[in-house]
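Trainee: Okay, here's the structure, questions in a sec.
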Amino acid sequence: MTKLLPSPFSSLLAVVFISLISIVHCCSPKDQTALNAFKSSLSEPNLGIFNTWSENTDCCKGWYGISCDPDSGRVTDISLRGESEDAIFQKAGRSGYMTGSIDPAVCDLTALSSFVLADWKGISGEIPTCITSLASLRVIDLAGNKITGEIPAEIGKLTKLAVLNLGENRMSGEIPLSLTSLAELKHLELTENGISGEIPADFGSLKMLSRRCWDVTNSPGRFPGRSRVLSVLNLDSNSLTGPIPGSILSNSGFGVLNLSRNALEGSIPDVFGSTTYFMSLDLSHNNLSGRIPDSLSSAKFVGHLDISHNRLCGPIPVGSPFDHLEASSFSDNKCLCGGPLMKTC
């Protein structure tokens with residue numbers, strides 16, 4: 001049987017095909033340059049996080065915390081957490097500590113979808129304003145550092161953003177009005193910063209849709225019925241002032257709302273109703289005054305309620321959710337009475 005020899009044309013095709021595979025799976029040179037600049041502004045002395053980030057190796061192959069699109073070779077994820085169960089942390093027997101700042105070169109990673117640089121305790125400086133140009137971003141998690149400055153004013157440009165976690169930093173300024181236009185936002189965490197000013201009046205327009213939880217039924221032993229959405233909004237431990245916008249409390253999309261430890265004032269808006277569903281509602285440690293709204297008794301479900309350490313007055317309403325709450329939920333107010341306080345009105 002005659003053995004067919006490969007033609008020059010087929011050999012050329014093979015070379016081109018192999019070359020294309022090599023090109024597709026290699027890290028973008030522009031992205032690799034940006035990552036090297038990003039690394040140069042940071043220092044991590046204990047774990048060797050950046051030891052795999054060698055200029056002579058492909059950033060899509062083995063660089064710790066980096067993921068790429070397999071087709072384009074563009075960097076899509078930076079995932080660097082200072083507290084992790086990864087082997088590198090287990091071997092060191094300690095959490096991470098990193099200093100430095102976020103280099104604006106990160107904005108050259110135009111395919112970036114997730115940017116996590118959290119719980120390193122020592123990263124400082126401001127968030128580069130150019131980060132709002134990264135149109136593919138879905139996750140920004142910079143919590144647990146010493147980041148200063150303000151939330152970028154044009155954060156609303158990130159129309160795909162689902163998670164924004166800037167908690168436990170040293171940020172200041174006000175909540176940008178553009179933040180309320182983030183229609184895809186599911187989790188917002190600004191806790192323990194120095195953010196001031198009033199909560200935007202249309203903050204409740206955010207239609208957050210996040211982790212699912214089971215609906216509550218009144219029949220013991222029954223498997224929970226319809227599932228509903230649980231979303232998270234944590235603005236506690238800042239310097240927020242002014243009244244609580246009624247739109248926040250009437251938005252049935254919020255499942256966990258924490259506005260505690262601010263300087264909010266005025267009365268609690270009387271906007272609760274049959275669609276109100278809070279796994280947790282914490283308004284404690286503010287300067288709220290007036291009475292507890294009677295409409296709160298008509299809420300579909302309130303699991304945990306804390307309105308302690310305010311200036312509230314009058315009788316605690318009867319019925320749910322007040323019949324399952326302890327006195328600590330109402331303590332240290334001006335003149336609340338009734339309910340679990342054991343103080344007659």
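Simple scheme: letters A, B, ... for chains in structure tokens order, numbers from 1 for residues in each chain, numbers from 1 for ligands in the order shown.
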I'd like the contact shell of A:His187 - 12 Å cut-off, only C-alpha atoms, skipping same-chain residues fewer than 2 positions apart - returned as a VMD selection string.
Mentor: chain A and resid 138 to 141 161 to 167 182 to 185 189 to 190 206 to 211 229 to 235 253 to 257
Trainee: Quick one: residues within 12 Å of A:Gly338, only C-alpha atoms, excluding same-chain residues fewer than 2 positions away - as a tab-separated table (two decimals) with C-alpha atoms, in the first residue's frame?
Mentor:
```tsv
chain	number	residue	atom	x	y	z
A	292	ILE	CA	-41.88	52.82	66.51
A	313	CYS	CA	-40.44	56.99	72.75
A	314	GLY	CA	-43.87	55.51	73.26
A	315	PRO	CA	-45.27	51.98	73.50
A	316	ILE	CA	-43.69	49.05	71.72
A	317	PRO	CA	-46.32	47.67	69.29
A	318	VAL	CA	-47.78	44.25	69.98
A	322	PHE	CA	-42.18	42.27	68.66
A	323	ASP	CA	-43.43	39.17	70.45
A	326	GLU	CA	-35.65	40.46	73.66
A	327	ALA	CA	-35.32	43.62	75.72
A	330	PHE	CA	-35.05	48.18	72.54
A	331	SER	CA	-32.68	49.16	75.38
A	335	CYS	CA	-38.82	56.61	76.82
A	336	LEU	CA	-39.88	53.34	75.19
A	340	PRO	CA	-40.13	42.94	76.68
A	341	LEU	CA	-38.89	46.04	78.53
A	342	MET	CA	-41.24	45.23	81.42
A	343	LYS	CA	-41.86	48.94	81.77
A	344	THR	CA	-45.48	50.01	81.88
A	345	CYS	CA	-46.64	52.83	79.66
```
Trainee: Please measure the separation of atom CA of A:Ser252 and atom CA of A:Ala299, giving the value in Å to one decimal.
Mentor: 10.2 Å
Trainee: Determine, counting only C-alpha atoms, which protein, DNA and RNA residues have an atom within 10 Å of an atom of A:Ser320; residues of the same chain fewer than 5 positions away are not included. Present the result as a list in words.
Mentor: Leu296, Ser297, Ser298, Ala299, Lys300, Phe301, Val302, Gly303 and Leu325 of chain A
Trainee: For the selection you just gave me, I'd like the residues written to a file as a compact mmCIF listing (two decimals), in the first residue's frame, keeping N, CA, C and O atoms.
Mentor:
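Output file selection35.txt is given in full below:
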```txt
# COMPACT_ATOMS: atom_id res chain seq x y z
N LEU A 296 -44.86 48.40 61.16
CA LEU A 296 -43.87 47.34 61.26
C LEU A 296 -44.53 46.02 61.66
O LEU A 296 -44.03 44.93 61.33
N SER A 297 -45.67 46.11 62.34
CA SER A 297 -46.40 44.90 62.73
C SER A 297 -47.01 44.18 61.53
O SER A 297 -47.34 43.00 61.62
N SER A 298 -47.16 44.89 60.41
CA SER A 298 -47.76 44.28 59.23
C SER A 298 -46.72 43.67 58.30
O SER A 298 -47.06 43.13 57.24
N ALA A 299 -45.45 43.72 58.70
CA ALA A 299 -44.38 43.16 57.87
C ALA A 299 -44.57 41.67 57.69
O ALA A 299 -45.02 40.96 58.61
N LYS A 300 -44.20 41.17 56.52
CA LYS A 300 -44.32 39.73 56.27
C LYS A 300 -43.40 38.94 57.17
O LYS A 300 -43.77 37.90 57.72
N PHE A 301 -42.18 39.44 57.36
CA PHE A 301 -41.23 38.76 58.24
C PHE A 301 -40.11 39.71 58.64
O PHE A 301 -39.57 40.42 57.81
N VAL A 302 -39.79 39.73 59.92
CA VAL A 302 -38.61 40.41 60.44
C VAL A 302 -37.95 39.45 61.42
O VAL A 302 -38.50 39.18 62.49
N GLY A 303 -36.81 38.91 61.04
CA GLY A 303 -36.15 37.91 61.88
C GLY A 303 -35.44 38.53 63.06
O GLY A 303 -35.68 38.19 64.21
N LEU A 325 -38.90 39.23 70.27
CA LEU A 325 -37.66 39.98 70.46
C LEU A 325 -37.36 40.17 71.94
O LEU A 325 -38.26 40.25 72.78
```
Trainee: What separation in Å, quoted to one decimal, exists between atom CA of A:Asp103 and atom CA of A:Asp77?
Mentor: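 Taking atom CA of A:Asp103 and atom CA of A:Asp77, their separation equals 16.1 Å.
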Trainee: Report the residues of stretch 164-312 of chain A whose backbone DSSP state falls under strand (DSSP E), written as a VMD selection string.
Mentor: chain A and resid 164 to 165 187 to 189 196 to 198 212 to 214 227 to 229 232 to 234 239 to 242 256 to 258 263 to 266 277 to 282 287 to 290 301 to 306 311 to 312
Trainee: At a cut-off of 10 Å, can you tabulate as a Markdown table every residue of stretch 129-149 of chain A near stretch 81-92 of chain A together with its closest atom pair and the distance in Å to one decimal, using only C-alpha atoms and ordering rows by chain then number?
Mentor:
```
| residue | atom | partner | partner_atom | distance |
| --- | --- | --- | --- | --- |
| A:Asp141 | CA | A:Arg81 | CA | 9.3 |
| A:Leu142 | CA | A:Arg81 | CA | 9.2 |
| A:Ala143 | CA | A:Arg81 | CA | 9.5 |
| A:Gly144 | CA | A:Gly82 | CA | 8.8 |
| A:Asn145 | CA | A:Gly82 | CA | 9.8 |
```
Trainee: Report the residues of stretch 101-214 of chain A whose backbone DSSP state falls under helix (DSSP H, G or I), written as a list in words.
Mentor: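 Filtering stretch 101-214 of chain A to helix (DSSP H, G or I) leaves Pro104, Ala105, Val106, Cys107, Asp108, Thr129, Cys130, Ile131, Thr132, Ser133, Ile155, Gly156, Lys157, Leu177, Ser178, Leu179, Thr180, Ser181, Phe203, Gly204 and Ser205 of chain A.
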